[in-house]
$ cat input_17.csv   # CSV, C-alpha atoms and all ligand atoms
chain,number,residue,atom,x,y,z
A,26,MET,CA,0.0,0.0,0.0
A,27,GLN,CA,2.7,2.5,1.0
A,28,SER,CA,5.0,1.8,-1.9
A,29,SER,CA,2.2,2.0,-4.5
A,30,THR,CA,1.1,5.3,-3.0
A,31,VAL,CA,4.7,6.5,-3.1
A,32,ALA,CA,5.0,5.4,-6.7
A,33,THR,CA,1.9,7.4,-7.5
A,34,ALA,CA,3.4,10.5,-5.9
A,35,VAL,CA,6.6,10.0,-7.8
A,36,LYS,CA,4.6,9.6,-11.1
A,37,ALA,CA,2.5,12.6,-10.4
A,38,VAL,CA,5.3,15.0,-9.6
A,39,ARG,CA,6.6,17.5,-12.2
A,40,HIS,CA,10.2,16.7,-11.2
A,41,PRO,CA,10.4,13.0,-10.2
A,42,GLU,CA,14.1,13.2,-9.3
A,43,ARG,CA,13.2,15.6,-6.4
A,44,VAL,CA,10.8,13.2,-4.8
A,45,ARG,CA,13.2,10.3,-5.3
A,46,ALA,CA,15.8,12.4,-3.3
A,47,ALA,CA,13.3,12.8,-0.5
A,48,LEU,CA,12.7,9.0,-0.5
A,49,SER,CA,16.4,8.3,0.3
A,50,HIS,CA,15.6,7.8,4.0
A,51,PRO,CA,13.6,4.6,4.2
A,52,GLY,CA,13.3,5.0,8.0
A,53,GLN,CA,11.3,8.1,7.4
A,54,ILE,CA,8.9,6.3,5.1
A,55,ALA,CA,8.2,3.7,7.8
A,56,SER,CA,7.3,6.4,10.3
A,57,TRP,CA,4.7,8.1,8.0
A,58,SER,CA,1.2,7.1,8.7
A,59,ARG,CA,-0.5,4.9,6.0
A,60,HIS,CA,-3.6,7.0,6.6
A,61,ALA,CA,-1.8,10.2,5.5
A,62,LEU,CA,-0.4,8.6,2.4
A,63,ALA,CA,-3.7,7.2,1.2
A,64,ARG,CA,-6.3,9.8,2.1
A,65,LYS,CA,-7.5,12.6,-0.2
A,66,VAL,CA,-8.7,15.9,1.1
A,67,PHE,CA,-9.7,18.8,-1.1
A,68,VAL,CA,-10.5,22.4,0.0
A,69,GLY,CA,-12.1,23.8,-3.2
A,70,ALA,CA,-15.4,22.3,-4.0
A,71,SER,CA,-14.5,21.9,-7.7
A,72,ASP,CA,-11.6,22.5,-10.1
A,73,GLU,CA,-13.0,26.0,-10.6
A,74,TYR,CA,-11.8,26.8,-7.0
A,75,ARG,CA,-8.8,24.5,-6.7
A,76,SER,CA,-5.2,25.6,-7.1
A,77,GLU,CA,-2.6,23.3,-8.7
A,78,SER,CA,-1.6,22.2,-5.1
A,79,ASP,CA,-5.2,21.4,-4.0
A,80,THR,CA,-4.8,17.8,-5.3
A,81,GLY,CA,-6.1,15.8,-2.4
A,82,ALA,CA,-2.8,14.3,-1.1
A,83,TYR,CA,-1.2,17.6,-0.1
A,84,VAL,CA,-3.9,18.8,2.2
A,85,ALA,CA,-4.3,15.3,3.7
A,86,LEU,CA,-0.6,15.3,4.6
A,87,VAL,CA,-0.8,18.9,6.0
A,88,GLN,CA,-3.7,17.9,8.2
A,89,ALA,CA,-1.7,14.8,9.4
A,90,ALA,CA,1.3,17.1,10.3
A,91,VAL,CA,-0.9,19.4,12.3
A,92,LYS,CA,-2.7,16.6,14.2
A,93,ASP,CA,0.3,14.4,14.9
A,94,TYR,CA,3.5,15.7,16.4
A,95,LYS,CA,5.6,12.8,14.9
A,96,ALA,CA,4.3,13.6,11.5
A,97,PHE,CA,5.0,17.3,12.1
A,98,THR,CA,8.7,16.5,12.9
A,99,THR,CA,9.2,15.1,9.4
A,100,PHE,CA,6.6,16.7,7.2
A,101,ARG,CA,9.1,18.6,5.0
A,102,ARG,CA,10.5,15.4,3.5
A,103,HIS,CA,7.2,13.6,3.0
A,104,PRO,CA,6.7,12.8,-0.7
A,105,ASN,CA,3.2,14.3,-0.7
A,106,TYR,CA,4.7,17.5,0.6
A,107,VAL,CA,7.8,17.4,-1.6
A,108,VAL,CA,5.6,17.3,-4.7
A,109,VAL,CA,4.3,20.8,-3.8
A,110,LEU,CA,7.1,22.3,-1.8
A,111,GLU,CA,10.7,21.5,-0.6
A,112,HIS,CA,11.7,20.2,-4.0
A,113,VAL,CA,14.6,22.7,-4.6
A,114,THR,CA,17.6,20.7,-5.8
A,115,ARG,CA,21.1,20.8,-4.4
A,116,GLN,CA,22.2,22.5,-7.7
A,117,GLU,CA,19.5,25.1,-7.5
A,118,GLY,CA,20.6,25.8,-3.9
A,119,GLN,CA,24.2,26.3,-5.2
A,120,ALA,CA,22.9,28.7,-7.8
A,121,TYR,CA,21.0,30.7,-5.1
A,122,LEU,CA,24.2,30.8,-3.0
A,123,ASP,CA,26.3,32.0,-6.0
A,124,ILE,CA,23.8,34.9,-6.5
A,125,LEU,CA,23.8,35.7,-2.8
A,126,ARG,CA,27.6,35.8,-2.6
A,127,LYS,CA,27.5,38.5,-5.3
A,128,ASP,CA,24.3,40.4,-4.4
A,129,ALA,CA,24.1,40.1,-0.6
A,130,PRO,CA,27.4,39.0,1.1
A,131,ASP,CA,26.1,40.5,4.4
A,132,LEU,CA,23.2,38.0,4.3
A,133,ILE,CA,25.7,35.1,3.8
A,134,ASP,CA,27.5,36.5,6.9
A,135,ARG,CA,24.2,35.9,8.8
A,136,ILE,CA,23.6,32.5,7.3
A,137,GLU,CA,23.6,30.8,10.8
A,138,GLU,CA,20.5,32.9,11.7
A,139,PHE,CA,18.7,31.8,8.6
A,140,LYS,CA,19.4,28.2,9.3
A,141,SER,CA,16.7,28.4,12.1
A,142,ASN,CA,14.4,27.7,9.2
A,143,ASP,CA,15.8,24.2,9.0
A,144,VAL,CA,15.3,23.2,12.6
A,145,VAL,CA,11.6,22.1,12.3
A,146,GLY,CA,10.2,19.5,9.9
A,147,SER,CA,13.4,17.6,8.9
A,148,PRO,CA,14.1,19.2,5.5
A,149,ARG,CA,16.8,17.8,3.3
A,150,VAL,CA,20.0,19.7,3.8
A,151,PHE,CA,23.2,19.7,1.8
A,152,ASP,CA,26.7,20.7,2.7
A,153,TYR,CA,27.6,23.9,0.7
A,154,PRO,CA,31.2,25.1,0.5
A,155,GLY,CA,31.8,27.9,3.0
A,156,ILE,CA,28.4,27.9,4.7
A,157,GLY,CA,27.9,24.2,5.8
A,158,LYS,CA,24.7,22.3,5.9
A,159,ILE,CA,21.5,24.1,4.9
A,160,SER,CA,18.3,23.3,3.0
A,161,PRO,CA,18.3,24.6,-0.6
A,162,THR,CA,14.7,25.8,0.0
A,163,THR,CA,16.0,28.1,2.8
A,164,LEU,CA,18.7,29.4,0.4
A,165,ARG,CA,15.8,30.2,-2.1
A,166,TYR,CA,14.0,32.1,0.7
A,167,VAL,CA,17.2,34.1,1.5
A,168,LYS,CA,17.6,34.8,-2.2
A,169,VAL,CA,14.0,36.2,-2.4
A,170,ALA,CA,14.8,38.4,0.6
A,171,SER,CA,17.9,39.6,-1.3
A,172,ASP,CA,15.8,40.4,-4.4
A,173,LEU,CA,13.3,42.3,-2.2
A,174,ARG,CA,16.1,44.4,-0.7
A,175,LYS,CA,17.6,45.1,-4.2
A,176,LEU,CA,14.3,46.1,-5.6
A,177,PHE,CA,12.7,48.0,-2.7
A,178,GLY,CA,15.6,49.0,-0.4
A,179,ALA,CA,16.7,47.9,3.1
A,180,GLU,CA,13.1,48.1,4.5
A,181,PRO,CA,10.8,46.6,1.8
A,182,GLY,CA,7.7,47.1,3.9
A,183,HIS,CA,6.3,47.2,7.4
A,184,ASN,CA,2.9,45.9,6.5
A,185,VAL,CA,3.5,42.8,4.3
A,186,ALA,CA,1.2,40.2,2.8
A,187,GLU,CA,2.1,36.9,1.3
A,188,VAL,CA,-0.3,34.7,-0.8
A,189,GLY,CA,0.4,31.0,-0.8
A,190,VAL,CA,2.9,30.6,2.0
A,191,GLY,CA,3.8,27.0,2.3
A,192,TYR,CA,4.7,26.4,5.9
A,193,GLY,CA,5.8,30.1,6.5
A,194,GLY,CA,9.5,29.7,5.7
A,195,GLN,CA,9.6,32.9,3.6
A,196,MET,CA,8.0,34.8,6.5
A,197,LEU,CA,10.6,33.4,8.9
A,198,VAL,CA,13.5,34.5,6.7
A,199,CYS,CA,12.0,38.0,6.1
A,200,ASP,CA,11.4,38.3,9.8
A,201,THR,CA,15.2,37.8,10.3
A,202,ALA,CA,16.3,39.9,7.4
A,203,PHE,CA,14.0,43.0,7.7
A,204,HIS,CA,12.3,45.3,10.2
A,205,MET,CA,8.6,44.5,9.7
A,206,ARG,CA,5.6,45.3,11.8
A,207,GLN,CA,3.0,42.9,10.6
A,208,TYR,CA,3.0,40.0,8.1
A,209,ASP,CA,-0.3,38.6,6.9
A,210,LEU,CA,-0.2,35.0,5.5
A,211,PHE,CA,-2.9,33.9,3.1
A,212,ASP,CA,-3.4,30.3,2.3
A,213,LEU,CA,-5.9,27.4,2.5
A,214,ALA,CA,-7.4,27.0,6.0
A,215,PRO,CA,-5.8,23.6,6.8
A,216,VAL,CA,-2.4,24.9,5.6
A,217,LEU,CA,-2.7,28.0,7.9
A,218,ASN,CA,-3.0,25.6,10.8
A,219,LEU,CA,0.4,24.1,9.8
A,220,VAL,CA,1.8,27.7,9.4
A,221,GLU,CA,0.7,28.6,12.9
A,222,ARG,CA,2.2,25.4,14.3
A,223,TYR,CA,5.5,26.1,12.4
A,224,LEU,CA,5.8,29.8,13.3
A,225,GLU,CA,4.9,29.2,16.9
A,226,SER,CA,8.0,26.8,17.0
A,227,HIS,CA,10.1,29.9,16.6
A,228,LEU,CA,10.5,33.3,18.3
A,229,LEU,CA,9.6,36.1,15.8
A,230,ASN,CA,10.4,39.9,15.8
A,231,SER,CA,7.3,41.0,13.9
A,232,ALA,CA,3.7,40.0,14.4
A,233,TYR,CA,1.9,37.6,12.0
A,234,HIS,CA,-1.7,37.1,11.1
A,235,THR,CA,-3.2,34.2,9.0
A,236,SER,CA,-6.2,34.5,6.7
A,237,THR,CA,-8.0,32.7,3.9
A,238,LEU,CA,-9.2,34.7,1.0
A,239,ASN,CA,-12.8,34.5,2.2
A,240,GLN,CA,-11.8,35.7,5.7
A,241,CYS,CA,-10.2,38.8,4.3
A,242,LEU,CA,-12.2,42.0,4.2
A,243,GLY,CA,-10.0,43.5,1.5
A,244,GLU,CA,-9.6,46.8,3.4
A,245,GLU,CA,-5.9,46.6,4.0
A,246,SER,CA,-3.4,48.5,1.8
A,247,TYR,CA,-0.1,46.6,2.1
A,248,ASP,CA,3.4,48.1,1.7
A,249,LEU,CA,4.4,44.9,0.0
A,250,VAL,CA,2.8,41.8,-1.4
A,251,ILE,CA,4.8,38.7,-2.1
A,252,SER,CA,3.7,35.4,-3.9
A,253,ASN,CA,6.1,32.9,-5.2
A,254,TYR,CA,4.8,30.0,-7.3
A,255,ALA,CA,1.4,30.4,-5.6
A,256,PHE,CA,-0.8,33.3,-7.0
A,257,SER,CA,0.2,32.0,-10.4
A,258,GLU,CA,-1.0,28.5,-9.5
A,259,LEU,CA,-4.6,29.6,-8.6
A,260,PRO,CA,-7.6,29.3,-10.9
A,261,SER,CA,-8.5,32.6,-12.6
A,262,ALA,CA,-11.5,33.3,-10.4
A,263,LEU,CA,-9.4,33.2,-7.3
A,264,GLN,CA,-6.6,35.2,-8.9
A,265,ARG,CA,-9.2,37.9,-9.7
A,266,ARG,CA,-10.5,38.0,-6.1
A,267,TYR,CA,-6.9,38.1,-4.6
A,268,ILE,CA,-6.2,41.0,-6.9
A,269,GLU,CA,-9.3,42.8,-5.8
A,270,LYS,CA,-8.8,42.2,-2.1
A,271,VAL,CA,-5.0,42.1,-1.6
A,272,LEU,CA,-2.8,42.9,-4.6
A,273,ALA,CA,-4.3,45.8,-6.5
A,274,THR,CA,-3.8,48.3,-3.6
A,275,ALA,CA,-0.4,47.1,-2.5
A,276,LYS,CA,2.3,49.8,-3.0
A,277,ARG,CA,4.9,47.2,-4.0
A,278,GLY,CA,4.7,43.7,-5.4
A,279,TYR,CA,7.0,40.7,-6.1
A,280,LEU,CA,5.4,37.6,-7.7
A,281,THR,CA,7.3,34.6,-9.0
A,282,MET,CA,5.1,33.4,-11.9
A,283,ASN,CA,4.7,29.9,-13.5
A,284,SER,CA,1.6,30.8,-15.6
A,285,GLY,CA,0.3,33.6,-17.8
A,286,THR,CA,2.2,33.1,-21.1
A,287,PRO,CA,2.3,30.4,-23.7
A,288,GLU,CA,5.8,29.3,-22.5
A,289,THR,CA,4.8,28.7,-18.8
A,290,TYR,CA,4.3,25.3,-17.2
A,291,PHE,CA,0.7,26.0,-16.0
A,292,GLN,CA,-1.8,26.8,-18.8
A,293,HIS,CA,-5.2,25.8,-17.6
A,294,ASN,CA,-7.6,28.5,-16.3
A,295,LYS,CA,-5.0,31.2,-15.4
A,296,LEU,CA,-5.0,34.9,-16.1
A,297,SER,CA,-2.8,35.8,-19.0
A,298,LEU,CA,0.0,38.4,-18.7
A,299,ALA,CA,-2.1,40.7,-20.8
A,300,GLN,CA,-5.0,40.4,-18.4
A,301,LEU,CA,-2.7,40.9,-15.4
A,302,ARG,CA,-1.5,44.2,-17.1
A,303,GLU,CA,-5.2,45.4,-16.9
A,304,LEU,CA,-5.7,44.4,-13.3
A,305,LEU,CA,-2.5,44.9,-11.4
A,306,PRO,CA,-0.6,48.2,-10.7
A,307,GLY,CA,1.9,48.9,-13.6
A,308,PHE,CA,4.6,46.3,-13.4
A,309,GLU,CA,7.9,45.2,-14.8
A,310,VAL,CA,8.6,41.6,-16.0
A,311,LEU,CA,12.0,40.4,-14.7
A,312,PRO,CA,13.8,37.1,-15.3
A,313,GLU,CA,13.7,34.4,-12.6
A,314,ARG,CA,17.3,33.7,-11.6
A,315,PRO,CA,18.1,30.8,-11.7
A,316,LEU,CA,15.4,29.7,-14.0
A,317,THR,CA,13.7,26.8,-12.2
A,318,CYS,CA,11.2,25.9,-14.9
A,319,PRO,CA,11.0,27.0,-18.5
A,320,GLY,CA,8.9,30.2,-19.0
A,321,ASN,CA,9.0,31.3,-15.3
A,322,TYR,CA,9.3,35.1,-14.7
A,323,ILE,CA,9.0,37.6,-11.9
A,324,ILE,CA,6.5,40.5,-11.8
A,325,ALA,CA,7.5,43.5,-9.7
A,326,TRP,CA,6.0,46.9,-9.1
A,327,GLY,CA,6.7,49.9,-6.9
A,328,HIS,CA,10.5,49.3,-7.2
A,329,SER,CA,13.2,52.0,-7.5
A,330,GLU,CA,16.0,49.6,-8.6
A,331,THR,CA,16.0,46.5,-10.8
A,332,LEU,CA,17.5,43.0,-10.3
A,401,LIG,C1,4.0,25.7,-4.8
A,401,LIG,S1,3.5,26.2,-3.2
A,401,LIG,C2,4.5,27.6,-2.9
A,401,LIG,C3,4.7,27.9,-1.5
A,401,LIG,C4,5.7,29.1,-1.2
A,401,LIG,N1,5.3,30.3,-1.8
A,401,LIG,C5,7.1,28.8,-1.5
A,401,LIG,O1,7.7,29.5,-2.4
A,401,LIG,O2,7.7,27.9,-1.0
A,401,LIG,C6,1.9,26.9,-3.5
A,401,LIG,C7,1.2,27.4,-2.2
A,401,LIG,O3,-0.1,27.9,-2.6
A,401,LIG,C8,-1.0,27.5,-1.6
A,401,LIG,N2,-2.4,27.6,-2.0
A,401,LIG,C9,-3.2,26.7,-2.6
A,401,LIG,N3,-4.4,27.1,-2.8
A,401,LIG,C10,-4.5,28.4,-2.3
A,401,LIG,C11,-5.5,29.4,-2.2
A,401,LIG,N4,-6.7,29.2,-2.6
A,401,LIG,N5,-5.1,30.6,-1.6
A,401,LIG,C12,-3.9,30.8,-1.1
A,401,LIG,N6,-2.9,29.9,-1.2
A,401,LIG,C13,-3.2,28.7,-1.8
A,401,LIG,C14,-0.5,26.2,-1.2
A,401,LIG,O4,-1.1,25.7,0.0
A,401,LIG,C15,0.9,26.4,-1.1
A,401,LIG,O5,1.3,27.0,0.2
$ encode --input "input_17.csv" --output "structure tokens"
Amino acid sequence: MQSSTVATAVKAVRHPERVRAALSHPGQIASWSRHALARKVFVGASDEYRSESDTGAYVALVQAAVKDYKAFTTFRRHPNYVVVLEHVTRQEGQAYLDILRKDAPDLIDRIEEFKSNDVVGSPRVFDYPGIGKISPTTLRYVKVASDLRKLFGAEPGHNVAEVGVGYGGQMLVCDTAFHMRQYDLFDLAPVLNLVERYLESHLLNSAYHTSTLNQCLGEESYDLVISNYAFSELPSALQRRYIEKVLATAKRGYLTMNSGTPETYFQHNKLSLAQLRELLPGFEVLPERPLTCPGNYIIAWGHSETL
């Protein structure tokens, strides 16, 4: 039962080599509950309201990690989780590190602080020259922080929102890198339970608040809105509502996109770049560095410098 479910996860993933890497610890697989591997739980009632990650297996695993402390201690290497997040390769981690050495050597000097993002959930870590063991996903989050600083300055925003937050790793890294007042995390309700469990495992400088799209009044005007591989994975109806409630009034924006043009990976029921031009504040399209999937790009607005 377990191995066939694992095989399904490997088959389903966009980058099977990433899931295979996560499966290199058979002891971990034995400790995962059969229930979490087999169950399917959806949030959206139909495809019209489901993002690319609302596939059934992901939310079931997230719920298991919230409910069971043992599952929580290893959730970041579970195949059902790696399919959606934590699939940054060792090589991509090295590319983020190379960019950081050039763009933000002071953040490299603080790398031990950022390693706090690797303490919970047993992520895969690799030994990188000069900085020791760190998860390549954490290196990606530090590289995003470096991009934000390059584009928007040393204090990118005091009132920040992120759409599609994973477990909250980008928030934790930004909380270390920047002076922020409040950080609002938007995601699916079961995912936000995991985010709270994760963030409460740490000691933060800023305050955080979690919300689903439906729970948001849409009255806040954020200094900065971030969304990496998340807003772009939502169906168009949800993209439109996020724009209305959260993105359109934000002074600054940074979105890593994997939909919206004929070259991008996700094509089904997404707003096009031309439609986004009509709906978002005037933005610039920037390259994703390193390019993690053909066609990916970054949308930025409100910036004074470029990448
Ligand atoms: C590919 S992950 C990216 C996570 C994170 N931004 C990162 O870079 O690691 C996509 C995220 O979108 C979230 N998501 C799915 N449906 C959503 C929705 N309706 N509203 C907000 N977030 C959603 C998923 O739970 C997940 O956290």
$ residues_near_ligand --input "input_17.csv" --ligand "ligand LIG 401 (chain A)" --cutoff "6 Å" --atoms "all atoms listed in the file" --output "PyMOL selection string"
chain A and resi 76+78-79+109-110+188-191+211-213+216+252-255
$ closest_atom_pairs --input "input_17.csv" --of "stretch 98-209 of chain A" --to "stretch 226-241 of chain A" --cutoff "12 Å" --atoms "all atoms listed in the file" --output "JSON lines"
{"residue": "A:Thr98", "atom": "CA", "partner": "A:Ser226", "partner_atom": "CA", "distance": 11.1}
{"residue": "A:Glu138", "atom": "CA", "partner": "A:His227", "partner_atom": "CA", "distance": 11.9}
{"residue": "A:Phe139", "atom": "CA", "partner": "A:His227", "partner_atom": "CA", "distance": 11.9}
{"residue": "A:Lys140", "atom": "CA", "partner": "A:His227", "partner_atom": "CA", "distance": 11.9}
{"residue": "A:Ser141", "atom": "CA", "partner": "A:His227", "partner_atom": "CA", "distance": 8.1}
{"residue": "A:Asn142", "atom": "CA", "partner": "A:His227", "partner_atom": "CA", "distance": 8.8}
{"residue": "A:Asp143", "atom": "CA", "partner": "A:His227", "partner_atom": "CA", "distance": 11.1}
{"residue": "A:Val144", "atom": "CA", "partner": "A:Ser226", "partner_atom": "CA", "distance": 9.3}
{"residue": "A:Val145", "atom": "CA", "partner": "A:Ser226", "partner_atom": "CA", "distance": 7.6}
{"residue": "A:Gly146", "atom": "CA", "partner": "A:Ser226", "partner_atom": "CA", "distance": 10.4}
{"residue": "A:Gly182", "atom": "CA", "partner": "A:Ser231", "partner_atom": "CA", "distance": 11.7}
{"residue": "A:His183", "atom": "CA", "partner": "A:Ser231", "partner_atom": "CA", "distance": 9.0}
{"residue": "A:Asn184", "atom": "CA", "partner": "A:Ala232", "partner_atom": "CA", "distance": 9.9}
{"residue": "A:Val185", "atom": "CA", "partner": "A:Tyr233", "partner_atom": "CA", "distance": 9.4}
{"residue": "A:Ala186", "atom": "CA", "partner": "A:His234", "partner_atom": "CA", "distance": 9.3}
{"residue": "A:Glu187", "atom": "CA", "partner": "A:Thr235", "partner_atom": "CA", "distance": 9.7}
{"residue": "A:Val188", "atom": "CA", "partner": "A:Leu238", "partner_atom": "CA", "distance": 9.1}
{"residue": "A:Gly189", "atom": "CA", "partner": "A:Thr237", "partner_atom": "CA", "distance": 9.8}
{"residue": "A:Val190", "atom": "CA", "partner": "A:Thr235", "partner_atom": "CA", "distance": 10.0}
{"residue": "A:Tyr192", "atom": "CA", "partner": "A:Thr235", "partner_atom": "CA", "distance": 11.5}
{"residue": "A:Gly193", "atom": "CA", "partner": "A:Tyr233", "partner_atom": "CA", "distance": 10.1}
{"residue": "A:Gly194", "atom": "CA", "partner": "A:His227", "partner_atom": "CA", "distance": 10.9}
{"residue": "A:Met196", "atom": "CA", "partner": "A:Tyr233", "partner_atom": "CA", "distance": 8.7}
{"residue": "A:Leu197", "atom": "CA", "partner": "A:Leu229", "partner_atom": "CA", "distance": 7.5}
{"residue": "A:Val198", "atom": "CA", "partner": "A:Leu229", "partner_atom": "CA", "distance": 10.0}
{"residue": "A:Cys199", "atom": "CA", "partner": "A:Ser231", "partner_atom": "CA", "distance": 9.6}
{"residue": "A:Asp200", "atom": "CA", "partner": "A:Asn230", "partner_atom": "CA", "distance": 6.3}
{"residue": "A:Thr201", "atom": "CA", "partner": "A:Asn230", "partner_atom": "CA", "distance": 7.6}
{"residue": "A:Ala202", "atom": "CA", "partner": "A:Asn230", "partner_atom": "CA", "distance": 10.3}
{"residue": "A:Phe203", "atom": "CA", "partner": "A:Ser231", "partner_atom": "CA", "distance": 9.3}
{"residue": "A:His204", "atom": "CA", "partner": "A:Ser231", "partner_atom": "CA", "distance": 7.6}
{"residue": "A:Met205", "atom": "CA", "partner": "A:Ser231", "partner_atom": "CA", "distance": 5.6}
{"residue": "A:Arg206", "atom": "CA", "partner": "A:Ser231", "partner_atom": "CA", "distance": 5.1}
{"residue": "A:Gln207", "atom": "CA", "partner": "A:Ala232", "partner_atom": "CA", "distance": 4.8}
{"residue": "A:Tyr208", "atom": "CA", "partner": "A:Tyr233", "partner_atom": "CA", "distance": 4.7}
{"residue": "A:Asp209", "atom": "CA", "partner": "A:His234", "partner_atom": "CA", "distance": 4.7}
$ closest_residue --input "input_17.csv" --among "A:Lys95, A:Arg149, A:Arg135, A:His328" --to "A:Val107" --atoms "all atoms listed in the file"
A:Arg149
$ residues_around --input "input_17.csv" --residues "stretch 161-167 of chain A" --least-positions-apart "2" --cutoff "6 Å" --atoms "all atoms listed in the file" --output "list in words"
Glu111, Val113, Gly118, Val169, Ala170 and Gln195 of chain A
$ closest_residue --input "input_17.csv" --among "A:Pro130, A:Ser147, A:Gly69, A:Pro260" --to "A:Thr99" --atoms "only C-alpha atoms"
A:Ser147
$ atom_distance --input "input_17.csv" --atom1 "atom CA of A:Glu117" --atom2 "atom CA of A:Leu272"
28.7 Å
$ atom_distance --input "input_17.csv" --atom1 "atom CA of A:Ala275" --atom2 "atom CA of A:Tyr247"
4.6 Å
$ residues_around --input "input_17.csv" --residues "stretch 284-296 of chain A" --least-positions-apart "4" --cutoff "9 Å" --atoms "all atoms listed in the file" --output "list in words"
Glu73, Glu77, Tyr254, Ser257, Glu258, Leu259, Pro260, Ser261, Ala262, Gln264, Arg265, Gln300, Leu301, Cys318, Pro319, Gly320, Asn321 and Tyr322 of chain A
$ atom_distance --input "input_17.csv" --atom1 "atom CA of A:Phe67" --atom2 "atom CA of A:Ile251"
24.6 Å
$ residues_around --input "input_17.csv" --residues "A:Glu313" --least-positions-apart "3" --cutoff "9 Å" --atoms "all atoms listed in the file" --output "mmCIF file with C-alpha atoms, in the coordinates of the input"
data_model
loop_
_atom_site.group_PDB
_atom_site.id
_atom_site.type_symbol
_atom_site.label_atom_id
_atom_site.label_comp_id
_atom_site.auth_asym_id
_atom_site.auth_seq_id
_atom_site.Cartn_x
_atom_site.Cartn_y
_atom_site.Cartn_z
ATOM 1 C CA THR A 281 7.300 34.600 -9.000
ATOM 2 C CA MET A 282 5.100 33.400 -11.900
ATOM 3 C CA LEU A 316 15.400 29.700 -14.000
ATOM 4 C CA THR A 317 13.700 26.800 -12.200
ATOM 5 C CA ASN A 321 9.000 31.300 -15.300
ATOM 6 C CA TYR A 322 9.300 35.100 -14.700
ATOM 7 C CA ILE A 323 9.000 37.600 -11.900
#
$ residues_around --input "input_17.csv" --residues "A:Gly157" --least-positions-apart "3" --cutoff "12 Å" --atoms "only C-alpha atoms" --output "MDAnalysis selection string"
chainID A and resid 119 122 133 136:137 140 150:154 160:161 164
$ closest_residue --input "input_17.csv" --among "A:Glu221, A:Glu309, A:Glu269, A:Glu245" --to "A:Ala90" --atoms "only C-alpha atoms"
A:Glu221
$ residues_around --input "input_17.csv" --residues "A:Pro306" --least-positions-apart "5" --cutoff "8 Å" --atoms "all atoms listed in the file" --output "list in words"
Ala273, Thr274 and Trp326 of chain A
$ decode --input "input_17.csv" --residues "stretch 161-171 of chain A" --atoms "N, CA, C and O atoms" --output "PDB file, in the first residue's frame"
ATOM      1  N   PRO A 161      18.318  23.724   0.583  1.00  0.00           N
ATOM      2  CA  PRO A 161      18.297  24.598  -0.598  1.00  0.00           C
ATOM      3  C   PRO A 161      17.038  25.463  -0.652  1.00  0.00           C
ATOM      4  O   PRO A 161      17.050  26.550  -1.233  1.00  0.00           O
ATOM      5  N   THR A 162      15.944  24.996  -0.024  1.00  0.00           N
ATOM      6  CA  THR A 162      14.722  25.819   0.040  1.00  0.00           C
ATOM      7  C   THR A 162      14.976  27.067   0.875  1.00  0.00           C
ATOM      8  O   THR A 162      14.539  28.172   0.518  1.00  0.00           O
ATOM      9  N   THR A 163      15.708  26.916   1.978  1.00  0.00           N
ATOM     10  CA  THR A 163      16.038  28.085   2.805  1.00  0.00           C
ATOM     11  C   THR A 163      16.910  29.046   2.002  1.00  0.00           C
ATOM     12  O   THR A 163      16.716  30.268   2.064  1.00  0.00           O
ATOM     13  N   LEU A 164      17.838  28.512   1.207  1.00  0.00           N
ATOM     14  CA  LEU A 164      18.661  29.389   0.361  1.00  0.00           C
ATOM     15  C   LEU A 164      17.781  30.151  -0.627  1.00  0.00           C
ATOM     16  O   LEU A 164      18.016  31.318  -0.918  1.00  0.00           O
ATOM     17  N   ARG A 165      16.735  29.488  -1.160  1.00  0.00           N
ATOM     18  CA  ARG A 165      15.810  30.197  -2.067  1.00  0.00           C
ATOM     19  C   ARG A 165      15.118  31.340  -1.315  1.00  0.00           C
ATOM     20  O   ARG A 165      15.001  32.449  -1.846  1.00  0.00           O
ATOM     21  N   TYR A 166      14.659  31.092  -0.095  1.00  0.00           N
ATOM     22  CA  TYR A 166      13.960  32.140   0.656  1.00  0.00           C
ATOM     23  C   TYR A 166      14.909  33.316   0.951  1.00  0.00           C
ATOM     24  O   TYR A 166      14.490  34.474   0.922  1.00  0.00           O
ATOM     25  N   VAL A 167      16.190  33.010   1.227  1.00  0.00           N
ATOM     26  CA  VAL A 167      17.150  34.098   1.483  1.00  0.00           C
ATOM     27  C   VAL A 167      17.399  34.866   0.185  1.00  0.00           C
ATOM     28  O   VAL A 167      17.505  36.098   0.175  1.00  0.00           O
ATOM     29  N   LYS A 168      17.428  34.152  -0.938  1.00  0.00           N
ATOM     30  CA  LYS A 168      17.632  34.832  -2.228  1.00  0.00           C
ATOM     31  C   LYS A 168      16.424  35.730  -2.554  1.00  0.00           C
ATOM     32  O   LYS A 168      16.592  36.841  -3.081  1.00  0.00           O
ATOM     33  N   VAL A 169      15.224  35.293  -2.223  1.00  0.00           N
ATOM     34  CA  VAL A 169      14.048  36.159  -2.415  1.00  0.00           C
ATOM     35  C   VAL A 169      14.193  37.407  -1.533  1.00  0.00           C
ATOM     36  O   VAL A 169      13.942  38.527  -1.994  1.00  0.00           O
ATOM     37  N   ALA A 170      14.639  37.234  -0.293  1.00  0.00           N
ATOM     38  CA  ALA A 170      14.848  38.396   0.597  1.00  0.00           C
ATOM     39  C   ALA A 170      15.869  39.348  -0.027  1.00  0.00           C
ATOM     40  O   ALA A 170      15.693  40.577  -0.001  1.00  0.00           O
ATOM     41  N   SER A 171      16.901  38.796  -0.625  1.00  0.00           N
ATOM     42  CA  SER A 171      17.927  39.624  -1.279  1.00  0.00           C
ATOM     43  C   SER A 171      17.315  40.386  -2.464  1.00  0.00           C
ATOM     44  O   SER A 171      17.580  41.580  -2.656  1.00  0.00           O
TER      45      SER A 171
END
